[in-house]
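Okay, entry_24.tsv is below, TSV, C-alpha atoms:
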chain	number	residue	atom	x	y	z
A	1	MET	CA	28.04	-30.19	5.24
A	2	VAL	CA	26.27	-31.95	2.36
A	3	ARG	CA	25.42	-35.58	3.12
A	4	ASP	CA	23.77	-37.91	0.65
A	5	ASP	CA	21.97	-39.88	3.38
A	6	LEU	CA	20.01	-36.74	4.31
A	7	TYR	CA	19.03	-36.09	0.67
A	8	ILE	CA	20.09	-32.45	0.89
A	9	THR	CA	20.28	-30.81	-2.51
A	10	VAL	CA	22.71	-27.93	-2.87
A	11	PRO	CA	21.37	-25.14	-5.12
A	12	SER	CA	23.62	-25.01	-8.17
A	13	LEU	CA	24.14	-21.26	-7.83
A	14	PHE	CA	25.71	-21.84	-4.42
A	15	ARG	CA	28.45	-24.02	-5.91
A	16	CYS	CA	31.71	-22.59	-7.19
A	17	PRO	CA	32.04	-23.29	-10.96
A	18	ILE	CA	35.68	-24.30	-10.37
A	19	SER	CA	35.65	-26.42	-7.20
A	20	LEU	CA	31.94	-27.37	-7.35
A	21	ASP	CA	31.84	-26.92	-3.57
A	22	VAL	CA	29.52	-24.57	-1.71
A	23	MET	CA	31.17	-21.15	-1.79
A	24	LYS	CA	32.50	-19.77	1.48
A	25	SER	CA	33.45	-16.33	0.15
A	26	PRO	CA	31.69	-15.66	-3.17
A	27	VAL	CA	33.22	-12.97	-5.37
A	28	SER	CA	32.25	-11.78	-8.85
A	29	LEU	CA	34.53	-11.08	-11.82
A	30	CYS	CA	33.94	-8.29	-14.33
A	31	THR	CA	32.11	-10.88	-16.49
A	32	GLY	CA	29.42	-11.20	-13.81
A	33	VAL	CA	30.23	-14.81	-12.97
A	34	THR	CA	30.66	-15.61	-9.27
A	35	TYR	CA	33.34	-17.93	-7.84
A	36	ASP	CA	34.68	-18.88	-4.45
A	37	ARG	CA	37.49	-16.44	-3.59
A	38	SER	CA	40.17	-19.09	-2.99
A	39	SER	CA	39.39	-20.93	-6.25
A	40	ILE	CA	39.41	-17.89	-8.54
A	41	GLN	CA	42.48	-16.44	-6.82
A	42	ARG	CA	44.34	-19.69	-7.48
A	43	TRP	CA	43.21	-19.59	-11.13
A	44	LEU	CA	44.47	-16.04	-11.58
A	45	ASP	CA	47.71	-16.70	-9.69
A	46	ASN	CA	48.45	-19.46	-12.19
A	47	GLY	CA	48.67	-16.79	-14.91
A	48	ASN	CA	45.23	-17.19	-16.46
A	49	ASN	CA	43.57	-14.03	-17.84
A	50	THR	CA	40.19	-15.47	-18.78
A	51	CYS	CA	36.91	-16.18	-16.98
A	52	PRO	CA	36.89	-19.96	-16.32
A	53	ALA	CA	33.15	-20.33	-17.03
A	54	THR	CA	32.86	-18.16	-20.14
A	55	MET	CA	36.51	-18.11	-21.30
A	56	GLN	CA	36.15	-14.37	-21.94
A	57	ILE	CA	39.36	-12.35	-21.66
A	58	LEU	CA	39.25	-10.35	-18.44
A	59	GLN	CA	39.45	-6.57	-18.84
A	60	THR	CA	40.49	-6.48	-15.19
A	61	LYS	CA	41.46	-9.17	-12.71
A	62	ASP	CA	39.77	-7.34	-9.85
A	63	PHE	CA	36.77	-8.99	-8.24
A	64	VAL	CA	34.10	-7.78	-5.81
A	65	PRO	CA	32.40	-9.66	-2.95
A	66	ASN	CA	28.90	-10.89	-3.76
A	67	ARG	CA	27.31	-9.97	-0.43
A	68	THR	CA	23.78	-10.91	-1.39
A	69	LEU	CA	24.76	-14.41	-2.46
A	70	GLN	CA	26.85	-14.83	0.67
A	71	ARG	CA	23.87	-13.94	2.86
A	72	LEU	CA	21.66	-16.40	0.98
A	73	ILE	CA	24.23	-19.18	1.34
A	74	GLN	CA	24.43	-18.44	5.07
A	75	ILE	CA	20.65	-18.63	5.47
A	76	TRP	CA	20.56	-21.87	3.48
A	77	SER	CA	23.43	-23.32	5.55
A	78	ASP	CA	21.63	-22.47	8.78
A	79	SER	CA	18.48	-24.22	7.57
A	80	VAL	CA	20.48	-27.32	6.64
A	81	ARG	CA	22.25	-27.32	10.00
A	82	HIS	CA	18.90	-27.05	11.72
A	83	ARG	CA	17.68	-30.06	9.76
A	84	VAL	CA	20.70	-32.13	10.75
A	85	ASP	CA	20.54	-31.21	14.43
A	86	SER	CA	16.78	-31.67	14.84
A	87	THR	CA	14.31	-34.49	14.43
A	88	TYR	CA	12.06	-33.23	11.65
A	89	SER	CA	8.67	-34.33	10.51
A	90	ILE	CA	7.92	-34.80	6.78
A	91	ILE	CA	6.07	-31.49	6.75
A	92	SER	CA	9.01	-29.66	8.27
A	93	ASN	CA	11.38	-31.18	5.74
A	94	GLU	CA	9.12	-30.05	2.92
A	95	SER	CA	9.09	-26.57	4.43
A	96	VAL	CA	12.89	-26.42	4.48
A	97	ASP	CA	13.06	-27.76	0.91
A	98	LYS	CA	10.74	-24.97	-0.18
A	99	ARG	CA	12.98	-22.44	1.49
A	100	ASP	CA	15.99	-23.90	-0.29
A	101	GLN	CA	14.19	-23.48	-3.61
A	102	LEU	CA	13.15	-19.98	-2.59
A	103	LEU	CA	16.73	-18.94	-1.91
A	104	VAL	CA	17.65	-20.10	-5.40
A	105	ALA	CA	14.79	-17.98	-6.79
A	106	ILE	CA	16.03	-14.92	-4.85
A	107	THR	CA	19.53	-15.51	-6.17
A	108	ASP	CA	18.21	-15.71	-9.75
A	109	LEU	CA	16.38	-12.46	-9.13
A	110	GLU	CA	19.46	-10.73	-7.76
A	111	SER	CA	21.69	-11.93	-10.57
A	112	GLY	CA	19.41	-10.53	-13.29
A	113	SER	CA	18.63	-13.98	-14.68
A	114	GLU	CA	16.27	-14.34	-17.63
A	115	ASN	CA	14.12	-16.49	-15.35
A	116	ARG	CA	13.38	-13.60	-13.00
A	117	PHE	CA	9.67	-13.56	-13.84
A	118	GLN	CA	9.39	-17.26	-12.93
A	119	SER	CA	11.49	-16.59	-9.83
A	120	LEU	CA	9.08	-13.85	-8.73
A	121	GLU	CA	6.12	-16.18	-9.27
A	122	LYS	CA	7.78	-18.76	-6.99
A	123	ILE	CA	8.44	-16.12	-4.34
A	124	VAL	CA	4.82	-14.89	-4.44
A	125	ARG	CA	3.47	-18.46	-4.17
A	126	PHE	CA	5.77	-19.12	-1.23
A	127	ALA	CA	4.68	-15.91	0.56
A	128	LYS	CA	0.98	-16.68	0.02
A	129	ASP	CA	1.36	-20.12	1.62
A	130	SER	CA	1.61	-18.83	5.19
A	131	GLU	CA	2.32	-15.90	7.48
A	132	GLU	CA	5.47	-17.73	8.58
A	133	ASN	CA	6.78	-17.64	5.02
A	134	CYS	CA	6.14	-13.89	4.80
A	135	VAL	CA	8.12	-13.39	8.00
A	136	PHE	CA	10.95	-15.53	6.61
A	137	LEU	CA	11.11	-13.35	3.50
A	138	ALA	CA	10.92	-10.15	5.53
A	139	LYS	CA	13.88	-11.30	7.61
A	140	THR	CA	15.96	-12.21	4.54
A	141	GLU	CA	18.42	-9.35	4.49
A	142	GLY	CA	18.36	-7.29	1.32
A	143	PHE	CA	15.22	-8.95	-0.09
A	144	VAL	CA	12.86	-5.98	0.29
A	145	ALA	CA	15.47	-3.56	-1.04
A	146	LEU	CA	15.87	-5.90	-4.02
A	147	LEU	CA	12.13	-5.76	-4.73
A	148	VAL	CA	11.99	-1.98	-4.36
A	149	GLY	CA	14.92	-1.78	-6.77
A	150	PHE	CA	12.83	-3.60	-9.38
A	151	LEU	CA	10.28	-0.79	-9.26
A	152	ASP	CA	13.01	1.53	-10.53
A	153	ASN	CA	14.60	-0.71	-13.18
A	154	VAL	CA	12.17	-2.48	-15.46
A	155	ASP	CA	13.15	-3.11	-19.06
A	156	GLY	CA	11.63	-4.93	-22.00
A	157	GLY	CA	8.27	-4.29	-23.65
A	158	VAL	CA	5.47	-2.52	-21.81
A	159	GLU	CA	3.33	-5.64	-21.57
A	160	ARG	CA	6.18	-7.67	-20.14
A	161	SER	CA	7.10	-4.89	-17.73
A	162	VAL	CA	3.56	-4.74	-16.35
A	163	GLU	CA	3.54	-8.49	-15.75
A	164	LEU	CA	6.86	-8.28	-13.94
A	165	LEU	CA	5.79	-5.27	-11.89
A	166	GLU	CA	2.57	-7.01	-10.86
A	167	GLN	CA	4.58	-9.82	-9.27
A	168	VAL	CA	6.94	-7.32	-7.62
A	169	VAL	CA	4.19	-5.24	-5.96
A	170	VAL	CA	2.28	-8.34	-4.80
A	171	ALA	CA	5.45	-9.77	-3.23
A	172	LEU	CA	6.29	-6.41	-1.69
A	173	ASP	CA	2.82	-6.02	-0.24
A	174	LEU	CA	2.94	-9.48	1.32
A	175	VAL	CA	6.16	-8.84	3.24
A	176	LEU	CA	6.05	-5.11	4.07
A	177	SER	CA	3.68	-5.55	7.02
A	178	LYS	CA	6.10	-8.06	8.57
A	179	ILE	CA	9.05	-5.66	8.65
A	180	GLU	CA	9.74	-3.73	11.84
A	181	ASN	CA	11.91	-1.01	10.25
A	182	ARG	CA	9.68	-0.59	7.21
A	183	ASP	CA	9.93	3.20	7.26
A	184	SER	CA	13.73	3.24	7.05
A	185	ILE	CA	13.76	0.80	4.14
A	186	LEU	CA	11.33	2.90	2.13
A	187	LYS	CA	13.01	6.17	3.09
A	188	SER	CA	16.34	4.81	1.85
A	189	GLN	CA	14.77	4.71	-1.61
A	190	LYS	CA	13.80	8.42	-1.47
A	191	GLU	CA	16.05	9.45	-4.34
A	192	LYS	CA	14.48	6.76	-6.54
A	193	GLU	CA	10.91	7.23	-5.36
A	194	LEU	CA	9.76	9.03	-8.50
A	195	GLN	CA	10.64	6.05	-10.68
A	196	SER	CA	8.95	3.78	-8.14
A	197	LEU	CA	5.79	5.87	-8.43
A	198	ASP	CA	5.92	5.53	-12.23
A	199	SER	CA	5.91	1.75	-11.84
A	200	LEU	CA	3.11	1.73	-9.26
A	201	LEU	CA	1.01	4.02	-11.45
A	202	LEU	CA	1.53	1.69	-14.41
A	203	VAL	CA	0.19	-1.22	-12.35
A	204	LEU	CA	-2.80	0.87	-11.21
A	205	LYS	CA	-3.65	1.56	-14.85
A	206	GLN	CA	-2.97	-1.82	-16.47
A	207	GLY	CA	-2.67	-4.42	-13.72
A	208	SER	CA	-5.10	-7.04	-12.47
A	209	CYS	CA	-7.41	-6.38	-9.54
A	210	GLU	CA	-5.03	-8.22	-7.18
A	211	SER	CA	-1.97	-6.28	-8.30
A	212	LYS	CA	-3.88	-2.99	-8.17
A	213	ILE	CA	-4.78	-3.68	-4.56
A	214	ALA	CA	-1.14	-4.52	-3.81
A	215	SER	CA	0.04	-1.35	-5.57
A	216	VAL	CA	-2.36	0.82	-3.57
A	217	ARG	CA	-1.20	-0.80	-0.32
A	218	VAL	CA	2.46	-0.23	-1.22
A	219	LEU	CA	1.66	3.42	-2.01
A	220	LYS	CA	0.09	3.76	1.44
A	221	SER	CA	3.25	2.28	2.96
A	222	ILE	CA	5.38	4.81	1.10
A	223	ALA	CA	3.35	7.71	2.52
A	224	VAL	CA	5.06	7.61	5.92
A	225	ASP	CA	5.71	11.34	6.37
A	226	THR	CA	4.65	14.71	4.98
A	227	GLU	CA	7.39	14.75	2.35
A	228	SER	CA	6.40	11.33	1.00
A	229	LYS	CA	2.70	12.20	1.06
A	230	LEU	CA	3.33	15.32	-0.99
A	231	LEU	CA	5.54	13.36	-3.38
A	232	VAL	CA	2.82	10.76	-3.97
A	233	ALA	CA	0.06	13.36	-4.46
A	234	GLU	CA	2.17	15.45	-6.83
A	235	LYS	CA	2.90	12.53	-9.13
A	236	GLU	CA	1.02	13.38	-12.32
A	237	GLY	CA	-2.08	11.23	-12.74
A	238	LEU	CA	-1.66	9.19	-9.56
A	239	VAL	CA	-4.40	10.72	-7.38
A	240	SER	CA	-6.75	10.78	-10.39
A	241	GLU	CA	-6.14	7.06	-10.92
A	242	LEU	CA	-6.85	6.35	-7.24
A	243	LEU	CA	-10.16	8.22	-7.58
A	244	ASN	CA	-10.96	6.17	-10.71
A	245	LEU	CA	-10.80	3.04	-8.55
A	246	ILE	CA	-13.59	4.34	-6.31
A	247	THR	CA	-16.70	3.54	-8.33
A	248	PRO	CA	-19.65	1.28	-7.38
A	249	GLU	CA	-18.82	-1.33	-10.03
A	250	LYS	CA	-15.25	-1.88	-8.78
A	251	ASP	CA	-14.17	-4.69	-6.44
A	252	PRO	CA	-15.11	-3.75	-2.82
A	253	ASN	CA	-11.65	-4.69	-1.53
A	254	LEU	CA	-10.03	-2.48	-4.18
A	255	ILE	CA	-12.34	0.43	-3.26
A	256	GLU	CA	-11.56	0.11	0.44
A	257	ASN	CA	-7.79	0.00	-0.10
A	258	ALA	CA	-7.93	2.99	-2.47
A	259	LEU	CA	-9.86	4.93	0.19
A	260	SER	CA	-7.31	3.96	2.85
A	261	CYS	CA	-4.50	5.21	0.63
A	262	LEU	CA	-6.26	8.53	0.02
A	263	ILE	CA	-6.81	8.95	3.77
A	264	ALA	CA	-3.09	8.34	4.33
A	265	ILE	CA	-1.95	10.97	1.82
A	266	SER	CA	-4.68	13.58	2.45
A	267	THR	CA	-3.36	15.10	5.68
A	268	PRO	CA	-1.23	17.90	4.11
A	269	LYS	CA	-3.32	20.96	3.19
A	270	ARG	CA	-1.92	20.96	-0.35
A	271	ASN	CA	-3.11	17.40	-0.89
A	272	LYS	CA	-6.60	18.21	0.42
A	273	SER	CA	-6.85	21.01	-2.13
A	274	LYS	CA	-5.76	18.68	-4.90
A	275	LEU	CA	-8.40	16.12	-3.95
A	276	ILE	CA	-11.08	18.81	-4.02
A	277	HIS	CA	-9.97	20.23	-7.37
A	278	LEU	CA	-9.90	16.74	-8.92
A	279	GLY	CA	-13.59	16.26	-8.06
A	280	ALA	CA	-13.18	13.93	-5.09
A	281	VAL	CA	-16.42	15.17	-3.46
A	282	LYS	CA	-18.48	14.07	-6.49
A	283	VAL	CA	-16.71	10.71	-6.53
A	284	PHE	CA	-17.38	10.10	-2.82
A	285	SER	CA	-20.95	11.37	-3.11
A	286	LYS	CA	-21.70	9.08	-6.06
A	287	ILE	CA	-20.62	5.92	-4.27
A	288	LEU	CA	-22.16	7.01	-0.95
A	289	THR	CA	-25.54	7.44	-2.64
A	290	SER	CA	-25.27	4.35	-4.85
A	291	PRO	CA	-27.91	1.62	-4.38
A	292	SER	CA	-25.23	-1.00	-3.70
A	293	ASN	CA	-24.81	-2.02	-0.08
A	294	LEU	CA	-21.53	-0.60	1.19
A	295	CYS	CA	-19.75	-2.41	3.99
A	296	VAL	CA	-19.26	-0.56	7.28
A	297	SER	CA	-15.54	0.05	6.80
A	298	VAL	CA	-16.00	1.54	3.31
A	299	THR	CA	-18.75	3.86	4.56
A	300	GLU	CA	-16.57	4.97	7.46
A	301	LYS	CA	-13.66	5.74	5.12
A	302	LEU	CA	-15.86	7.67	2.69
A	303	LEU	CA	-17.20	9.81	5.53
A	304	LYS	CA	-13.69	10.26	6.91
A	305	LEU	CA	-12.52	11.66	3.57
A	306	LEU	CA	-15.56	13.94	3.29
A	307	GLU	CA	-14.80	15.16	6.81
A	308	THR	CA	-11.21	15.82	5.72
A	309	VAL	CA	-12.20	17.96	2.73
A	310	SER	CA	-14.89	19.73	4.79
A	311	SER	CA	-12.09	21.23	6.88
A	312	MET	CA	-11.35	23.53	3.93
A	313	LYS	CA	-13.61	26.28	2.58
A	314	GLU	CA	-13.56	25.00	-1.01
A	315	GLY	CA	-14.33	21.51	0.25
A	316	ARG	CA	-17.38	22.71	2.16
A	317	SER	CA	-18.51	24.60	-0.95
A	318	GLU	CA	-18.27	21.43	-3.05
A	319	ILE	CA	-20.25	19.45	-0.48
A	320	CYS	CA	-22.93	22.14	-0.39
A	321	GLU	CA	-23.27	21.93	-4.18
A	322	GLU	CA	-24.21	18.25	-3.81
A	323	PRO	CA	-27.65	18.13	-2.14
A	324	SER	CA	-27.80	14.34	-2.52
A	325	CYS	CA	-24.50	14.13	-0.69
A	326	MET	CA	-25.87	16.02	2.31
A	327	ALA	CA	-28.92	13.74	2.42
A	328	ALA	CA	-26.68	10.66	2.28
A	329	ILE	CA	-24.54	11.99	5.13
A	330	VAL	CA	-27.62	12.58	7.30
A	331	ASN	CA	-28.83	9.09	6.43
A	332	LYS	CA	-25.63	7.53	7.86
A	333	VAL	CA	-26.12	9.13	11.30
A	334	LEU	CA	-27.01	6.43	13.89
A	335	LYS	CA	-27.33	3.88	11.10
A	336	VAL	CA	-23.88	2.44	10.29
A	337	SER	CA	-21.52	2.63	13.27
A	338	THR	CA	-20.34	4.96	16.02
A	339	VAL	CA	-17.33	5.94	13.93
A	340	ALA	CA	-19.47	6.68	10.87
A	341	THR	CA	-21.85	8.77	12.99
A	342	GLU	CA	-18.97	10.84	14.40
A	343	HIS	CA	-17.62	11.55	10.91
A	344	ALA	CA	-21.10	12.42	9.59
A	345	VAL	CA	-21.90	14.80	12.46
A	346	THR	CA	-18.52	16.52	12.05
A	347	ILE	CA	-19.28	17.14	8.36
A	348	LEU	CA	-22.75	18.50	9.14
A	349	TRP	CA	-21.30	20.74	11.84
A	350	SER	CA	-18.57	22.08	9.51
A	351	VAL	CA	-20.97	22.84	6.68
A	352	CYS	CA	-24.10	23.95	8.54
A	353	TYR	CA	-22.67	25.55	11.69
A	354	LEU	CA	-19.24	26.85	10.68
A	355	PHE	CA	-19.93	27.61	7.03
A	356	ARG	CA	-23.64	28.47	7.63
A	357	ASP	CA	-24.57	27.37	4.13
A	358	GLN	CA	-28.31	27.86	3.55
A	359	LYS	CA	-28.60	25.18	0.82
A	360	ALA	CA	-26.92	22.61	3.05
A	361	GLN	CA	-29.17	23.48	5.98
A	362	GLU	CA	-32.24	23.08	3.77
A	363	ALA	CA	-30.94	19.72	2.49
A	364	VAL	CA	-30.40	18.52	6.06
A	365	THR	CA	-33.88	19.64	7.07
A	366	LYS	CA	-35.49	17.84	4.11
A	367	ALA	CA	-33.54	14.68	5.02
A	368	ASN	CA	-35.09	14.72	8.51
A	369	GLY	CA	-31.77	15.82	9.97
A	370	LEU	CA	-33.29	17.64	12.95
A	371	THR	CA	-34.89	14.43	14.20
A	372	LYS	CA	-31.58	12.59	13.81
A	373	ILE	CA	-29.79	15.28	15.83
A	374	LEU	CA	-32.39	15.09	18.65
A	375	LEU	CA	-32.05	11.29	18.75
A	376	LEU	CA	-28.29	11.59	18.76
A	377	MET	CA	-28.36	13.89	21.80
A	378	GLN	CA	-30.33	11.24	23.68
A	379	SER	CA	-27.83	8.52	22.75
A	380	ASN	CA	-24.58	7.56	24.46
A	381	CYS	CA	-22.42	9.71	22.17
A	382	THR	CA	-19.08	11.32	22.95
A	383	PRO	CA	-18.95	14.80	24.56
A	384	GLN	CA	-17.52	16.24	21.34
A	385	VAL	CA	-20.35	14.84	19.21
A	386	ARG	CA	-22.88	15.99	21.78
A	387	GLN	CA	-21.53	19.56	21.67
A	388	MET	CA	-21.63	19.60	17.86
A	389	SER	CA	-25.22	18.35	18.03
A	390	VAL	CA	-26.12	21.19	20.39
A	391	ASP	CA	-24.56	23.70	17.99
A	392	LEU	CA	-26.49	22.23	15.06
A	393	LEU	CA	-29.72	22.26	17.03
A	394	LYS	CA	-29.27	25.96	17.75
A	395	ILE	CA	-28.84	26.67	14.04
A	396	PHE	CA	-31.98	24.77	13.06
A	397	ARG	CA	-34.04	26.30	15.87
A	398	VAL	CA	-32.96	29.78	14.79
A	399	ASN	CA	-33.91	28.93	11.22
A	400	SER	CA	-37.27	27.58	12.38
A	401	LYS	CA	-38.01	30.78	14.32
A	402	SER	CA	-36.99	32.88	11.32
A	403	CYS	CA	-39.33	30.90	9.11
A	404	LEU	CA	-42.19	31.28	11.59
A	405	SER	CA	-41.49	35.01	11.98
A	406	SER	CA	-41.45	35.42	8.21
A	407	TYR	CA	-44.70	33.50	7.92
A	408	ASP	CA	-46.40	35.60	10.64
A	409	THR	CA	-45.29	38.82	8.92
A	410	LYS	CA	-46.68	37.73	5.60
A	411	THR	CA	-49.94	36.69	7.29
A	412	THR	CA	-50.25	40.12	8.95
A	413	HIS	CA	-49.84	41.87	5.61
A	414	ILE	CA	-52.72	40.00	3.97
A	415	MET	CA	-55.26	40.42	6.76
A	416	PRO	CA	-58.23	42.60	5.63
A	417	PHE	CA	-58.14	44.84	8.68

Please, can you express the file's structure as structure tokens?
Amino acid sequence: MVRDDLYITVPSLFRCPISLDVMKSPVSLCTGVTYDRSSIQRWLDNGNNTCPATMQILQTKDFVPNRTLQRLIQIWSDSVRHRVDSTYSIISNESVDKRDQLLVAITDLESGSENRFQSLEKIVRFAKDSEENCVFLAKTEGFVALLVGFLDNVDGGVERSVELLEQVVVALDLVLSKIENRDSILKSQKEKELQSLDSLLLVLKQGSCESKIASVRVLKSIAVDTESKLLVAEKEGLVSELLNLITPEKDPNLIENALSCLIAISTPKRNKSKLIHLGAVKVFSKILTSPSNLCVSVTEKLLKLLETVSSMKEGRSEICEEPSCMAAIVNKVLKVSTVATEHAVTILWSVCYLFRDQKAQEAVTKANGLTKILLLMQSNCTPQVRQMSVDLLKIFRVNSKSCLSSYDTKTTHIMPF
């Protein structure tokens, strides 16, 4: 299979330490060293009781198949066979060479090598090169499970652990979107999810901006069902840390991804209550009213979250206690996008029509909300938004009549006759 005229380099970890040939059936001894089954069996049959590579005395002569290494050797062999059977350009050859090096890096990672940090760096660089590379990694059997396993088993000093975890979450983020059965892979880690959340929280607190974004995106991927969403929200300090990422001075991409993650986990009622009690309304209000220009998608997500919390009584109360928030919501109607307008109108309807909060109604009136509602009814809005606008208009007309009636009564009382 290996021909010198094709300049194919066999990764050293794929060679049997005894025969020096590419292993066909790799098996590992109790010492952790892997050999080809036929070679090590012959060694043991000859009466040897030591590991050939380390010369350690074997506590047991049993060995176990190294399935991960076998899969990697198979993938590498297929790539070599493809190179032999096809007419390749220089670029294609370089691509295959990179994949060969990548498989060595994955093997180092799986074997617990001291070079695992460098191996992760190589894997991340490879994934960032192209979408095709991400797909290749996603299709490498056992690779994602290997990365997820690293979230549960990180040793060494805290500083070193954070550096390692940063590479893990970035690599995981790059390949997760390319996996068809992503949900089943993450669900298979359910019993270890708490440790995974510890690792992701550590990156959120101490990682770089890039790794924080990756960590938030991985968290969103974990939140695939109600059970996972509750698990994420109940992790001590995690939701608070996500809210800490949503401030005007933070990176816009980080803010948007943190908002997306909160939207993903906020559907259960228990999680909505937690968001409210942690002061989410003030956080959203602060950034919504900040002088910095928010992009459309960030504004839409902020309004979506405010709409989510407005579905609960305590959420509506918190919104009503923030007059500047109400003014900012009115300001976004017909100004940002159709989606933003729908979210904003739903919030106004929940607070002013359902909750009938007087302070909120006054804040909307001061912010020229009645004019916005009239303009909205003349626009090409959805039937649902139109109906909410009609309901709001009724409320404000009733209030206007009450004010006029009150004024007329007071005027009558002060007349001299």

| message | Need to verify the contact set: A:Asp62, 12 Å, only C-alpha atoms, exclusion of same-chain residues closer than 4 positions in sequence. Can you return it as a count of residues only? | response | 13

| query | Which distance in Å separates atom CA of A:Ser215 and atom CA of A:Phe126, to one decimal? | reply |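 So the answer is 19.2 Å.
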
| field | Exercise: stretch 308-312 of chain A partners within 9 Å, all atoms listed in the file, chain neighbours under 2 positions left out, as a list of chain:residue names | value | A:Ile263, A:Ser266, A:Thr267, A:Lys269, A:Lys272, A:Ser273, A:Leu275, A:Ile276, A:Ala280, A:Val281, A:Leu303, A:Lys304, A:Leu305, A:Leu306, A:Glu314, A:Gly315, A:Arg316, A:Ser317, A:Glu318, A:Ile319, A:Thr346, A:Ile347, A:Ser350, A:Val351

| request: Would you mind reading off the distance between atom CA of A:Ala214 and atom CA of A:Thr341, one decimal, in Å? | output: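 Computed distance, atom CA of A:Ala214 to atom CA of A:Thr341, equals 29.8 Å.
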
| task | Can you work out which one of A:Thr289, A:Ser208, A:Asn380, A:Ser260 has the shortest atom-to-atom distance to A:Pro248, counting only C-alpha atoms? | result | A:Thr289

| Shell around A:Pro268 at 8 Å using all atoms listed in the file, local window under 5 positions removed, as a PyMOL selection string | chain A and resi 226+229-230

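Counting from atom CA of A:Phe355, the distance to atom CA of A:Ser337 is 25.8 Å.
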
| Contacts of A:Lys359 at 10 Å or less, counting only C-alpha atoms, minus same-chain residues fewer than 4 places along, as number ranges by chain? | A: 320-323, 326, 351-352, 363-365

| Neighbours of A:Pro52 within 10 Å (only C-alpha atoms; same-chain residues fewer than 4 positions away dropped), as a list in words? |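 Here the answer would be Pro17, Ile18, Val33, Tyr35, Ile40, Trp43, Leu44, Asn48, Gln56 and Ile57 of chain A.
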
| request: Choose the residue, out of A:Thr338, A:Thr50, A:Lys394, A:Ser25, that has the smallest atom-to-atom separation from A:Ser38; count all atoms listed in the file. | output: A:Ser25

| field | Residue list as number ranges by chain for point (16.3, -16.1, -2.1), cut-off 10 Å, all atoms listed in the file | value | A: 68-69, 71-73, 75-76, 99-110, 119, 123, 137, 140-143

| Top pick for closest residue to A:Gln118, considering A:Asp36, A:Asp198, A:Asp45, A:Glu163 and counting all atoms listed in the file |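 Result for the nearest residue to A:Gln118: A:Glu163.
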
| task | Between A:Leu354, A:Met23, A:Val10, A:Ile395, single out the one closest to A:Ser39, counting all atoms listed in the file. | result |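 Going through A:Leu354, A:Met23, A:Val10, A:Ile395 one by one, the smallest distance to A:Ser39 is for A:Met23.
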